[in-house]
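upload-v7.txt, holding compact mmCIF, C-alpha atoms and all ligand atoms:
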# COMPACT_ATOMS: atom_id res chain seq x y z
CA MET T 24 23.97 -75.52 80.88
CA THR T 25 27.00 -73.26 81.39
CA THR T 26 30.02 -75.06 82.78
CA PHE T 27 32.85 -73.49 84.76
CA SER T 28 36.49 -74.44 84.77
CA TYR T 29 38.42 -75.46 87.84
CA TRP T 30 40.43 -72.25 87.30
CA GLU T 31 37.41 -69.99 87.19
CA GLN T 32 36.25 -71.27 90.54
CA GLN T 33 39.80 -71.05 91.96
CA CYS T 34 39.82 -67.40 90.90
CA LEU T 35 36.85 -66.72 93.13
CA ASP T 36 38.00 -68.61 96.23
CA SER T 37 39.89 -67.25 99.25
CA VAL T 38 38.55 -63.73 98.91
CA ASP T 39 38.51 -61.33 101.85
CA TRP T 40 36.08 -58.76 100.48
CA VAL T 41 33.51 -58.91 97.70
CA VAL T 42 32.25 -55.47 96.73
CA VAL T 43 29.04 -55.54 94.67
CA GLY T 44 28.90 -52.59 92.30
CA ALA T 45 31.70 -51.06 90.21
CA GLY T 46 30.37 -47.51 90.40
CA LEU T 47 32.25 -44.61 91.97
CA VAL T 48 31.28 -45.75 95.46
CA GLY T 49 32.17 -49.44 95.02
CA LEU T 50 35.50 -48.72 93.31
CA GLN T 51 36.64 -46.07 95.75
CA SER T 52 35.52 -48.11 98.75
CA ALA T 53 37.34 -51.16 97.39
CA ARG T 54 40.48 -49.10 96.92
CA ARG T 55 40.31 -47.70 100.44
CA ILE T 56 39.79 -51.21 101.90
CA LYS T 57 42.76 -52.54 99.94
CA GLU T 58 44.93 -49.59 101.02
CA THR T 59 43.94 -50.16 104.62
CA TYR T 60 44.41 -53.95 104.52
CA PRO T 61 47.04 -54.49 101.78
CA HIS T 62 47.25 -58.26 102.35
CA GLN T 63 43.53 -58.83 101.82
CA ARG T 64 42.03 -59.84 98.48
CA VAL T 65 39.38 -57.34 97.37
CA LEU T 66 37.13 -58.24 94.43
CA VAL T 67 34.59 -55.91 92.81
CA VAL T 68 31.81 -57.55 90.77
CA ASP T 69 29.28 -55.80 88.56
CA VAL T 70 26.51 -57.00 86.30
CA HIS T 71 27.12 -54.34 83.69
CA ALA T 72 29.89 -54.56 81.09
CA MET T 73 31.04 -51.07 82.06
CA GLY T 74 30.13 -50.82 85.71
CA GLY T 75 28.49 -47.65 86.91
CA ALA T 76 24.76 -47.53 86.30
CA ALA T 77 24.90 -43.91 87.39
CA SER T 78 28.63 -43.29 87.61
CA LEU T 79 29.17 -43.29 83.83
CA ARG T 80 25.71 -41.91 83.07
CA ASN T 81 25.54 -38.71 85.08
CA ALA T 82 25.76 -35.06 84.06
CA GLY T 83 29.22 -34.36 85.47
CA PHE T 84 28.14 -31.53 87.76
CA VAL T 85 30.48 -30.74 90.62
CA CYS T 86 27.79 -29.40 92.89
CA PHE T 87 26.69 -29.53 96.48
CA GLY T 88 23.06 -28.35 96.32
CA SER T 89 21.71 -25.09 94.85
CA ALA T 90 20.14 -22.47 97.13
CA GLY T 91 16.62 -23.55 96.04
CA GLU T 92 17.49 -27.20 96.68
CA MET T 93 18.91 -26.35 100.09
CA LEU T 94 15.67 -24.60 101.08
CA ASP T 95 13.71 -27.57 99.74
CA GLU T 96 15.94 -30.03 101.63
CA ILE T 97 15.53 -28.03 104.87
CA ASP T 98 11.74 -28.15 104.43
CA ARG T 99 11.75 -31.87 103.70
CA THR T 100 14.19 -32.89 106.44
CA SER T 101 15.74 -30.32 108.79
CA GLU T 102 18.36 -27.58 108.87
CA SER T 103 20.97 -29.86 110.42
CA GLU T 104 20.32 -32.76 108.00
CA ALA T 105 20.56 -30.43 105.01
CA VAL T 106 23.79 -28.84 106.22
CA MET T 107 25.29 -32.25 107.05
CA LEU T 108 24.54 -33.48 103.52
CA TYR T 109 26.01 -30.34 101.96
CA ASP T 110 29.14 -30.81 104.08
CA LYS T 111 29.59 -34.43 102.96
CA ARG T 112 29.29 -33.42 99.30
CA PHE T 113 31.69 -30.51 99.76
CA GLN T 114 34.27 -32.67 101.54
CA GLY T 115 33.85 -35.39 98.92
CA ILE T 116 34.71 -33.02 96.08
CA GLN T 117 37.75 -31.68 97.94
CA ARG T 118 39.00 -35.26 98.30
CA LEU T 119 38.45 -36.05 94.61
CA MET T 120 40.22 -32.87 93.53
CA ASN T 121 43.11 -33.45 95.90
CA ARG T 122 43.62 -37.00 94.71
CA TYR T 123 43.21 -36.62 90.95
CA GLY T 124 43.64 -32.91 90.27
CA ALA T 125 41.21 -30.64 88.47
CA GLU T 126 42.97 -30.94 85.13
CA ARG T 127 42.85 -34.72 85.02
CA LEU T 128 39.08 -34.63 85.60
CA GLY T 129 38.51 -31.94 82.96
CA PHE T 130 37.17 -29.61 85.67
CA GLU T 131 35.90 -26.26 84.43
CA ALA T 132 35.62 -23.78 87.30
CA THR T 133 32.69 -21.89 85.84
CA GLY T 134 30.62 -21.76 89.02
CA GLY T 135 27.11 -23.17 89.00
CA MET T 136 24.10 -20.95 88.45
CA GLU T 137 20.55 -21.47 89.63
CA VAL T 138 18.12 -19.91 87.17
CA PHE T 139 14.36 -19.38 87.23
CA VAL T 140 11.98 -19.37 84.29
CA ALA T 141 10.21 -16.10 83.51
CA GLY T 142 7.04 -17.06 85.46
CA GLU T 143 8.96 -17.90 88.64
CA ALA T 144 9.65 -14.34 89.85
CA ASP T 145 8.17 -15.00 93.31
CA GLU T 146 10.19 -18.18 93.75
CA ALA T 147 13.35 -16.42 92.54
CA GLU T 148 12.87 -13.58 95.02
CA ARG T 149 12.14 -16.05 97.83
CA VAL T 150 15.42 -17.87 97.12
CA LEU T 151 17.37 -14.62 96.64
CA GLY T 152 15.96 -13.34 99.91
CA SER T 153 17.29 -16.42 101.72
CA LEU T 154 20.90 -16.16 100.59
CA GLY T 155 22.07 -14.39 103.77
CA TYR T 156 20.49 -17.11 105.90
CA LEU T 157 21.97 -19.94 103.77
CA ASN T 158 25.43 -18.38 103.63
CA GLU T 159 25.45 -18.09 107.42
CA LEU T 160 24.41 -21.75 107.74
CA LEU T 161 27.20 -22.86 105.38
CA LYS T 162 29.90 -20.50 106.69
CA SER T 163 31.71 -23.12 108.75
CA ILE T 164 31.94 -25.40 105.69
CA GLN T 165 32.72 -23.02 102.89
CA GLY T 166 33.64 -19.67 104.39
CA ASP T 167 31.87 -16.58 103.07
CA GLY T 168 29.78 -16.48 99.94
CA ALA T 169 28.58 -20.02 99.18
CA PHE T 170 25.86 -18.25 97.16
CA THR T 171 25.72 -14.81 95.57
CA ALA T 172 23.00 -13.05 93.59
CA CYS T 173 23.83 -12.48 89.93
CA GLY T 174 22.35 -11.09 86.74
CA THR T 175 21.36 -13.38 83.89
CA SER T 176 20.73 -11.10 80.92
CA HIS T 177 24.11 -11.90 79.30
CA LEU T 178 23.17 -15.60 78.93
CA GLY T 179 20.64 -15.10 76.14
CA MET T 180 18.16 -17.39 77.92
CA HIS T 181 14.45 -16.78 78.40
CA ILE T 182 14.67 -16.60 82.19
CA TYR T 183 14.14 -14.27 85.15
CA GLY T 184 16.69 -11.44 85.23
CA LYS T 185 18.34 -12.56 88.46
CA GLY T 186 19.85 -15.89 89.44
CA VAL T 187 22.05 -17.36 92.16
CA MET T 188 25.71 -18.17 91.60
CA ALA T 189 27.53 -20.88 93.55
CA PRO T 190 31.16 -19.96 92.76
CA ALA T 191 32.73 -23.22 93.97
CA GLU T 192 30.76 -25.37 91.49
CA GLY T 193 31.70 -26.41 87.97
CA GLY T 194 31.65 -29.27 85.51
CA ILE T 195 33.88 -32.30 85.02
CA GLN T 196 34.11 -34.85 82.23
CA THR T 197 32.36 -37.85 83.77
CA HIS T 198 34.36 -40.46 81.85
CA LEU T 199 37.67 -38.95 83.00
CA LEU T 200 36.65 -39.27 86.65
CA TYR T 201 35.40 -42.83 86.17
CA ARG T 202 38.61 -43.90 84.43
CA ALA T 203 40.78 -42.24 87.06
CA VAL T 204 38.89 -43.97 89.88
CA ARG T 205 38.94 -47.34 88.13
CA MET T 206 42.63 -47.21 87.27
CA ASP T 207 43.41 -46.12 90.80
CA ALA T 208 41.60 -49.14 92.26
CA ILE T 209 43.36 -51.53 89.90
CA ALA T 210 46.73 -49.93 90.66
CA VAL T 211 46.48 -50.80 94.36
CA GLY T 212 45.49 -54.40 93.58
CA VAL T 213 41.69 -54.41 93.50
CA GLU T 214 40.33 -57.05 91.08
CA ILE T 215 37.28 -56.15 88.98
CA TYR T 216 35.01 -58.73 87.33
CA GLU T 217 32.14 -57.54 85.16
CA GLY T 218 29.17 -59.44 83.71
CA MET T 219 28.51 -60.88 87.20
CA ARG T 220 25.03 -60.37 88.68
CA VAL T 221 24.81 -61.17 92.38
CA ILE T 222 21.47 -62.80 93.13
CA ASP T 223 21.86 -63.51 96.86
CA TRP T 224 24.27 -64.75 99.52
CA LEU T 225 24.49 -67.16 102.38
CA GLU T 226 26.17 -65.94 105.53
CA ASP T 227 27.45 -68.17 108.32
CA ALA T 228 30.29 -68.37 110.83
CA GLN T 229 32.72 -69.40 108.07
CA GLY T 230 32.03 -66.46 105.77
CA VAL T 231 29.72 -65.35 102.97
CA GLN T 232 28.92 -67.40 99.87
CA VAL T 233 27.94 -64.89 97.22
CA ARG T 234 25.86 -66.47 94.44
CA MET T 235 25.95 -65.15 90.87
CA GLU T 236 23.15 -65.47 88.36
CA ASN T 237 25.45 -67.50 86.07
CA GLY T 238 25.91 -70.15 88.77
CA LEU T 239 29.33 -69.10 90.05
CA VAL T 240 29.81 -68.73 93.80
CA ILE T 241 32.37 -66.49 95.48
CA ARG T 242 33.49 -67.49 98.98
CA SER T 243 34.46 -64.42 100.88
CA GLU T 244 35.08 -63.27 104.42
CA ARG T 245 32.94 -60.17 103.96
CA LEU T 246 30.62 -58.44 101.54
CA LEU T 247 30.15 -54.74 100.81
CA VAL T 248 26.98 -53.80 98.92
CA CYS T 249 27.37 -50.65 96.75
CA THR T 250 24.41 -51.16 94.43
CA ASN T 251 22.76 -47.79 95.08
CA GLY T 252 19.52 -47.59 93.01
CA PHE T 253 19.42 -51.39 92.55
CA THR T 254 19.64 -52.22 96.25
CA LYS T 255 15.97 -53.19 96.64
CA SER T 256 16.39 -56.31 94.51
CA LEU T 257 19.02 -57.62 96.95
CA LEU T 258 17.81 -56.05 100.21
CA PRO T 259 14.12 -55.08 99.94
CA GLY T 260 14.01 -53.70 103.49
CA VAL T 261 16.66 -51.02 102.99
CA PRO T 262 15.04 -47.59 102.40
CA VAL T 263 16.44 -46.71 99.00
CA ALA T 264 14.30 -46.56 95.87
CA PRO T 265 15.43 -46.42 92.26
CA ALA T 266 15.02 -43.05 90.59
CA ARG T 267 15.70 -42.88 86.90
CA GLY T 268 17.36 -39.79 85.46
CA GLN T 269 17.07 -39.14 81.73
CA VAL T 270 19.77 -37.12 79.99
CA PHE T 271 20.08 -35.76 76.45
CA VAL T 272 22.88 -34.06 74.54
CA THR T 273 22.23 -31.89 71.49
CA GLU T 274 24.10 -32.03 68.23
CA SER T 275 26.86 -29.43 67.82
CA LEU T 276 25.28 -25.98 67.95
CA GLY T 277 28.26 -23.78 67.15
CA ALA T 278 29.52 -21.29 69.72
CA LEU T 279 27.17 -21.20 72.72
CA PRO T 280 26.28 -17.86 74.35
CA PHE T 281 27.00 -19.34 77.81
CA LYS T 282 29.41 -21.69 79.55
CA GLY T 283 28.92 -23.55 82.78
CA ILE T 284 26.47 -25.67 84.76
CA PHE T 285 22.90 -24.58 85.53
CA HIS T 286 20.21 -25.73 87.95
CA ALA T 287 16.52 -24.94 87.49
CA ASP T 288 13.22 -25.96 89.05
CA LYS T 289 14.70 -26.74 92.52
CA GLY T 290 17.37 -28.86 90.84
CA TYR T 291 14.94 -31.13 89.00
CA ILE T 292 16.15 -29.73 85.68
CA TYR T 293 19.86 -29.32 85.05
CA PHE T 294 21.76 -28.31 81.94
CA ARG T 295 25.31 -27.41 80.99
CA SER T 296 27.52 -26.51 78.11
CA LEU T 297 29.48 -29.45 76.76
CA GLY T 298 31.85 -27.80 74.29
CA ASP T 299 29.50 -26.60 71.55
CA ARG T 300 26.62 -28.82 72.69
CA VAL T 301 24.03 -28.54 75.45
CA LEU T 302 23.51 -31.40 77.89
CA ILE T 303 20.14 -31.35 79.65
CA GLY T 304 18.58 -33.80 82.06
CA GLY T 305 16.13 -34.40 84.85
CA ALA T 306 12.48 -33.33 85.08
CA ARG T 307 11.76 -36.39 87.24
CA ASN T 308 9.09 -34.31 88.98
CA LEU T 309 6.99 -34.74 85.80
CA ASP T 310 6.31 -38.33 86.84
CA PHE T 311 7.95 -39.45 90.10
CA GLN T 312 6.13 -42.77 90.08
CA GLY T 313 6.93 -43.66 86.48
CA GLU T 314 10.61 -42.86 87.03
CA GLU T 315 10.89 -45.12 90.07
CA THR T 316 12.33 -47.84 87.89
CA THR T 317 15.62 -49.58 87.12
CA GLU T 318 14.86 -49.76 83.36
CA MET T 319 17.63 -47.79 81.69
CA GLU T 320 15.56 -46.37 78.86
CA VAL T 321 14.57 -42.92 77.66
CA THR T 322 10.96 -41.98 77.03
CA ALA T 323 9.42 -39.76 74.35
CA ALA T 324 7.59 -37.66 76.96
CA PHE T 325 10.83 -36.66 78.72
CA GLU T 326 12.71 -36.19 75.47
CA ASP T 327 9.97 -33.86 74.15
CA HIS T 328 9.76 -31.94 77.43
CA LEU T 329 13.50 -31.35 77.66
CA LYS T 330 13.81 -30.51 73.95
CA HIS T 331 11.04 -27.93 74.38
CA TYR T 332 12.89 -26.55 77.44
CA VAL T 333 16.09 -26.07 75.42
CA GLU T 334 14.21 -24.46 72.53
CA THR T 335 12.17 -22.07 74.66
CA VAL T 336 14.23 -21.40 77.80
CA VAL T 337 17.91 -22.24 77.27
CA MET T 338 18.28 -21.16 73.64
CA PRO T 339 14.98 -19.48 72.83
CA GLY T 340 14.02 -19.66 69.17
CA LYS T 341 16.64 -22.27 68.27
CA ILE T 342 15.52 -25.65 66.89
CA VAL T 343 17.71 -28.39 68.35
CA ASN T 344 18.11 -32.11 67.82
CA PHE T 345 19.39 -34.50 70.42
CA GLU T 346 22.28 -36.65 69.25
CA TYR T 347 22.58 -38.66 72.48
CA GLY T 348 19.95 -39.77 74.96
CA TRP T 349 20.39 -42.14 77.90
CA SER T 350 19.24 -42.78 81.41
CA GLY T 351 20.90 -43.76 84.65
CA ILE T 352 19.56 -44.92 87.99
CA MET T 353 19.96 -43.02 91.24
CA GLY T 354 19.26 -44.33 94.75
CA MET T 355 16.75 -42.07 96.54
CA ASP T 356 14.66 -41.69 99.62
CA ASN T 357 13.03 -38.76 101.36
CA ASN T 358 16.24 -38.54 103.39
CA ARG T 359 19.14 -38.13 100.96
CA ASN T 360 21.91 -38.81 103.44
CA PRO T 361 23.73 -42.00 102.41
CA ILE T 362 23.31 -45.25 104.34
CA ILE T 363 26.69 -46.58 105.44
CA GLY T 364 27.02 -49.32 108.03
CA TRP T 365 26.87 -53.00 108.92
CA HIS T 366 23.73 -54.77 107.76
CA SER T 367 24.74 -58.02 109.49
CA ASP T 368 27.93 -59.53 110.94
CA ARG T 369 29.65 -59.86 107.58
CA VAL T 370 27.65 -57.65 105.24
CA CYS T 371 28.21 -53.90 105.05
CA LEU T 372 26.25 -51.31 103.02
CA ALA T 373 27.12 -48.04 101.27
CA VAL T 374 24.04 -46.98 99.32
CA ARG T 375 21.56 -44.12 98.70
CA MET T 376 23.68 -41.45 97.04
CA GLY T 377 20.74 -39.31 95.89
CA GLY T 378 21.30 -36.95 92.97
CA MET T 379 24.84 -35.87 93.86
CA GLY T 380 26.78 -39.06 94.38
CA VAL T 381 29.76 -37.87 92.36
CA ALA T 382 30.34 -35.36 95.11
CA LEU T 383 29.56 -37.81 97.90
CA SER T 384 31.43 -40.85 96.64
CA SER T 385 34.89 -40.22 98.00
CA TRP T 386 33.57 -39.10 101.37
CA VAL T 387 31.53 -42.31 101.47
CA ALA T 388 34.56 -44.49 100.70
CA GLU T 389 36.37 -42.95 103.66
CA GLU T 390 33.39 -43.58 105.94
CA VAL T 391 33.17 -47.21 104.78
CA VAL T 392 36.70 -47.80 106.03
CA ARG T 393 35.92 -46.03 109.32
CA VAL T 394 32.88 -48.25 109.82
CA ILE T 395 34.82 -51.41 108.96
CA ARG T 396 37.60 -50.48 111.35
CA GLY T 397 34.99 -49.86 114.00
CA ASP T 398 35.77 -46.18 114.43
CA GLU T 399 33.00 -44.02 115.77
CA GLY T 400 30.08 -44.31 113.36
CA ILE T 401 28.46 -41.74 111.11
C1 LIG T 501 21.16 -39.13 85.05
C2 LIG T 501 22.00 -38.89 86.26
C3 LIG T 501 22.67 -37.67 86.41
C4 LIG T 501 23.43 -37.43 87.55
N1 LIG T 501 24.17 -36.29 87.62
C5 LIG T 501 25.00 -36.09 88.67
C6 LIG T 501 25.83 -34.96 88.72
O1 LIG T 501 25.85 -34.17 87.79
N2 LIG T 501 26.59 -34.77 89.83
C7 LIG T 501 26.58 -35.66 90.86
O2 LIG T 501 27.27 -35.43 91.88
N3 LIG T 501 25.85 -36.79 90.81
C8 LIG T 501 25.06 -37.02 89.74
N4 LIG T 501 24.32 -38.16 89.67
C9 LIG T 501 24.39 -39.11 90.77
C10 LIG T 501 25.65 -39.94 90.72
O3 LIG T 501 25.97 -40.31 89.39
C11 LIG T 501 25.41 -41.20 91.56
O4 LIG T 501 24.93 -40.84 92.83
C12 LIG T 501 26.70 -42.01 91.75
O5 LIG T 501 27.30 -42.27 90.50
C13 LIG T 501 26.36 -43.29 92.48
O6 LIG T 501 27.48 -44.13 92.45
P1 LIG T 501 27.32 -45.61 92.99
O7 LIG T 501 28.62 -46.25 92.82
O8 LIG T 501 26.69 -45.59 94.33
O9 LIG T 501 26.20 -46.25 92.04
P2 LIG T 501 26.27 -46.79 90.54
O10 LIG T 501 27.15 -45.98 89.70
O11 LIG T 501 24.85 -46.94 90.11
O12 LIG T 501 26.91 -48.20 90.71
C14 LIG T 501 26.20 -49.29 91.24
C15 LIG T 501 26.61 -50.51 90.46
O13 LIG T 501 26.02 -51.67 91.06
C16 LIG T 501 25.80 -52.59 90.00
N5 LIG T 501 24.83 -53.58 90.46
C17 LIG T 501 23.58 -53.35 90.91
N6 LIG T 501 22.99 -54.49 91.28
C18 LIG T 501 23.89 -55.48 91.08
C19 LIG T 501 23.88 -56.89 91.28
N7 LIG T 501 22.82 -57.52 91.79
N8 LIG T 501 24.99 -57.60 90.96
C20 LIG T 501 26.09 -56.98 90.44
N9 LIG T 501 26.14 -55.64 90.23
C21 LIG T 501 25.07 -54.90 90.55
C22 LIG T 501 25.29 -51.72 88.87
O14 LIG T 501 25.47 -52.36 87.62
C23 LIG T 501 26.13 -50.47 89.03
O15 LIG T 501 27.25 -50.49 88.15
C24 LIG T 501 23.53 -38.43 88.54
C25 LIG T 501 22.87 -39.64 88.40
C26 LIG T 501 22.12 -39.88 87.27
C27 LIG T 501 21.43 -41.20 87.11

Would you mind writing the structure in this file as structure tokens?
Amino acid sequence: MTTFSYWEQQCLDSVDWVVVGAGLVGLQSARRIKETYPHQRVLVVDVHAMGGAASLRNAGFVCFGSAGEMLDEIDRTSESEAVMLYDKRFQGIQRLMNRYGAERLGFEATGGMEVFVAGEADEAERVLGSLGYLNELLKSIQGDGAFTACGTSHLGMHIYGKGVMAPAEGGIQTHLLYRAVRMDAIAVGVEIYEGMRVIDWLEDAQGVQVRMENGLVIRSERLLVCTNGFTKSLLPGVPVAPARGQVFVTESLGALPFKGIFHADKGYIYFRSLGDRVLIGGARNLDFQGEETTEMEVTAAFEDHLKHYVETVVMPGKIVNFEYGWSGIMGMDNNRNPIIGWHSDRVCLAVRMGGMGVALSSWVAEEVVRVIRGDEGI
């Protein structure tokens, strides 16, 4: 049986806030709590050695929702929900850029392009025909021209001749953002402990006793749950399901005929240039049910599908090999607006970041503090 020292337990006593989850949301929320209440002790715990089940495993797109995704989101929810979500993502990115600077995050302001495969002419024209409507909807957020029609023949891809450009989008280097956010949290005095799986907690008038799988207990005044796609194992009633995203990166391919980030198939497939490599991911719509899992594996079916996509659509005629393949877990529901609020007297939640939590995360951290302070809710 594992034993714990007196000191280990002392380390975990007299805590004001335990934040579960050292992803972008947990780390930025912890930092904002610590900045707001400098005398409080804020601890972040995470089961993974390098926290961030999605935050260090994403594609590094700075994006807010392609035109096709926006139309899809409006159909699935409503105009106002879709615009609200876009606004949160847009504001979130502004905050990240203002705090860390584009250069530090390796931001490439290439714009983001939505492309359509050759057989999707009708869908392409439907989306292109909606740009005026979407731009009007998004005018108050982004000014004129959130989306513009563009040609695609210069890309060398096997795609429809017209696409949609979102000029404000681009790509970052995911690890640079994660490191910046992590170092920032530590710099203000947030403590981070990894290898700690929270299994449950006991809440009473004295506080919250947060139990770890290894037997340790943290006594805290309050708890903030930022476990996104893993939330169901701690709080089965909260409407957020795991959604695995598989990502692959090719070997070096020499100079690429394109640069930037690309969305296809209503955002289900995404790819980008990564120096002289291509990163491609997604295709969850191949098997929604099978991908509703927290197993961080890649499968041959997805690898084959995405390899075929690169070889026939992105770089037609080129044989490619993937040098990296990984998966990460998103937190999804039909409604992709994040859940932020009190779950009980001492337990607060910030979960369900959908497919664009990089963009959302810093907006969410701000909202967490507003909720904690009791400002008008979200
Ligand atoms: C493949 C993929 C590609 C993506 N691409 C993009 C993109 O290009 N642009 C974009 O904006 N967004 C993208 N996203 C989404 C974005 O990465 C996420 O929405 C965001 O990182 C979520 O951050 P988070 O902190 O909420 O969650 P996470 O980063 O998942 O952090 C949650 C943490 O909680 C920990 N945890 C869970 N349960 C427990 C427990 N019981 N005890 C202790 N710790 C626990 C986990 O280990 C994890 O580290 C992508 C996601 C994936 C998976």

Quick one, how far is atom CA of Lys341 of chain T from atom CA of His328 of chain T? 15.0 Å

Closest atom pairs, segment 138-223 of chain T residues within 12 Å of segment 243-251 of chain T, all atoms listed in the file, as a Markdown table:
| residue | atom | partner | partner_atom | distance |
| --- | --- | --- | --- | --- |
| T:Arg220 | CA | T:Thr250 | CA | 10.9 |
| T:Val221 | CA | T:Val248 | CA | 10.1 |
| T:Asp223 | CA | T:Leu246 | CA | 11.2 |

Residues within 7 Å of ligand LIG 501 (chain T), counting all atoms listed in the file: report them as a ChimeraX atom specification. /T:43-49,68-71,74-86,219-222,249-254,257,267-270,304-305,350-354,374-384

Selection from above, C-alpha atoms, as a PDB file, in the coordinates of the input, can you write it?
ATOM      1  CA  VAL T  43      29.040 -55.540  94.670  1.00  0.00           C
ATOM      2  CA  GLY T  44      28.900 -52.590  92.300  1.00  0.00           C
ATOM      3  CA  ALA T  45      31.700 -51.060  90.210  1.00  0.00           C
ATOM      4  CA  GLY T  46      30.370 -47.510  90.400  1.00  0.00           C
ATOM      5  CA  LEU T  47      32.250 -44.610  91.970  1.00  0.00           C
ATOM      6  CA  VAL T  48      31.280 -45.750  95.460  1.00  0.00           C
ATOM      7  CA  GLY T  49      32.170 -49.440  95.020  1.00  0.00           C
ATOM      8  CA  VAL T  68      31.810 -57.550  90.770  1.00  0.00           C
ATOM      9  CA  ASP T  69      29.280 -55.800  88.560  1.00  0.00           C
ATOM     10  CA  VAL T  70      26.510 -57.000  86.300  1.00  0.00           C
ATOM     11  CA  HIS T  71      27.120 -54.340  83.690  1.00  0.00           C
ATOM     12  CA  GLY T  74      30.130 -50.820  85.710  1.00  0.00           C
ATOM     13  CA  GLY T  75      28.490 -47.650  86.910  1.00  0.00           C
ATOM     14  CA  ALA T  76      24.760 -47.530  86.300  1.00  0.00           C
ATOM     15  CA  ALA T  77      24.900 -43.910  87.390  1.00  0.00           C
ATOM     16  CA  SER T  78      28.630 -43.290  87.610  1.00  0.00           C
ATOM     17  CA  LEU T  79      29.170 -43.290  83.830  1.00  0.00           C
ATOM     18  CA  ARG T  80      25.710 -41.910  83.070  1.00  0.00           C
ATOM     19  CA  ASN T  81      25.540 -38.710  85.080  1.00  0.00           C
ATOM     20  CA  ALA T  82      25.760 -35.060  84.060  1.00  0.00           C
ATOM     21  CA  GLY T  83      29.220 -34.360  85.470  1.00  0.00           C
ATOM     22  CA  PHE T  84      28.140 -31.530  87.760  1.00  0.00           C
ATOM     23  CA  VAL T  85      30.480 -30.740  90.620  1.00  0.00           C
ATOM     24  CA  CYS T  86      27.790 -29.400  92.890  1.00  0.00           C
ATOM     25  CA  MET T 219      28.510 -60.880  87.200  1.00  0.00           C
ATOM     26  CA  ARG T 220      25.030 -60.370  88.680  1.00  0.00           C
ATOM     27  CA  VAL T 221      24.810 -61.170  92.380  1.00  0.00           C
ATOM     28  CA  ILE T 222      21.470 -62.800  93.130  1.00  0.00           C
ATOM     29  CA  CYS T 249      27.370 -50.650  96.750  1.00  0.00           C
ATOM     30  CA  THR T 250      24.410 -51.160  94.430  1.00  0.00           C
ATOM     31  CA  ASN T 251      22.760 -47.790  95.080  1.00  0.00           C
ATOM     32  CA  GLY T 252      19.520 -47.590  93.010  1.00  0.00           C
ATOM     33  CA  PHE T 253      19.420 -51.390  92.550  1.00  0.00           C
ATOM     34  CA  THR T 254      19.640 -52.220  96.250  1.00  0.00           C
ATOM     35  CA  LEU T 257      19.020 -57.620  96.950  1.00  0.00           C
ATOM     36  CA  ARG T 267      15.700 -42.880  86.900  1.00  0.00           C
ATOM     37  CA  GLY T 268      17.360 -39.790  85.460  1.00  0.00           C
ATOM     38  CA  GLN T 269      17.070 -39.140  81.730  1.00  0.00           C
ATOM     39  CA  VAL T 270      19.770 -37.120  79.990  1.00  0.00           C
ATOM     40  CA  GLY T 304      18.580 -33.800  82.060  1.00  0.00           C
ATOM     41  CA  GLY T 305      16.130 -34.400  84.850  1.00  0.00           C
ATOM     42  CA  SER T 350      19.240 -42.780  81.410  1.00  0.00           C
ATOM     43  CA  GLY T 351      20.900 -43.760  84.650  1.00  0.00           C
ATOM     44  CA  ILE T 352      19.560 -44.920  87.990  1.00  0.00           C
ATOM     45  CA  MET T 353      19.960 -43.020  91.240  1.00  0.00           C
ATOM     46  CA  GLY T 354      19.260 -44.330  94.750  1.00  0.00           C
ATOM     47  CA  VAL T 374      24.040 -46.980  99.320  1.00  0.00           C
ATOM     48  CA  ARG T 375      21.560 -44.120  98.700  1.00  0.00           C
ATOM     49  CA  MET T 376      23.680 -41.450  97.040  1.00  0.00           C
ATOM     50  CA  GLY T 377      20.740 -39.310  95.890  1.00  0.00           C
ATOM     51  CA  GLY T 378      21.300 -36.950  92.970  1.00  0.00           C
ATOM     52  CA  MET T 379      24.840 -35.870  93.860  1.00  0.00           C
ATOM     53  CA  GLY T 380      26.780 -39.060  94.380  1.00  0.00           C
ATOM     54  CA  VAL T 381      29.760 -37.870  92.360  1.00  0.00           C
ATOM     55  CA  ALA T 382      30.340 -35.360  95.110  1.00  0.00           C
ATOM     56  CA  LEU T 383      29.560 -37.810  97.900  1.00  0.00           C
ATOM     57  CA  SER T 384      31.430 -40.850  96.640  1.00  0.00           C
TER      58      SER T 384
END

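What separates atom CA of Gln196 of chain T from atom CA of Arg112 of chain T is a distance of 17.8 Å.
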
By how many Å are atom CA of Gly397 of chain T and atom CA of Met355 of chain T apart?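 Atom-to-atom, atom CA of Gly397 of chain T and atom CA of Met355 of chain T are spaced 26.4 Å apart.
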
For each of T:Asp110, T:Ala147, T:Thr317, T:Val213, take the minimum atom-to-atom distance to Lys162 of chain T, counting only C-alpha atoms, then give the residue where this is smallest. T:Asp110

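Distance check against Thr273 of chain T using all atoms listed in the file: of T:Gly348, T:Gly230, T:Gly218, T:Pro259, the minimum falls on T:Gly348.
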
Which one is closest to Trp40 of chain T: T:Glu326, T:Glu320, T:Glu236, T:Glu214? Count only C-alpha atoms. T:Glu214

Please provide the set of residues having any atom within 7 Å of segment 91-105 of chain T, restricted to all atoms listed in the file, with same-chain residues fewer than 5 positions apart removed, written as a PyMOL selection string. chain T and resi 150+289-290+358

Who sits within 9 Å of Ser153 of chain T, all atoms listed in the file, same chain under 5 positions skipped, as number ranges by chain: T: 90, 94, 148, 158

Shortest contact to Ser385 of chain T, candidates T:Glu318, T:Val211, T:Tyr291, T:Leu50, atoms counted only C-alpha atoms, goes to T:Leu50

Using all atoms listed in the file, which of the listed residues (T:Ala169, T:Met319, T:Ile395, T:Val38) sits closest to Arg55 of chain T?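 Nearest candidate to Arg55 of chain T out of T:Ala169, T:Met319, T:Ile395, T:Val38: T:Ile395.
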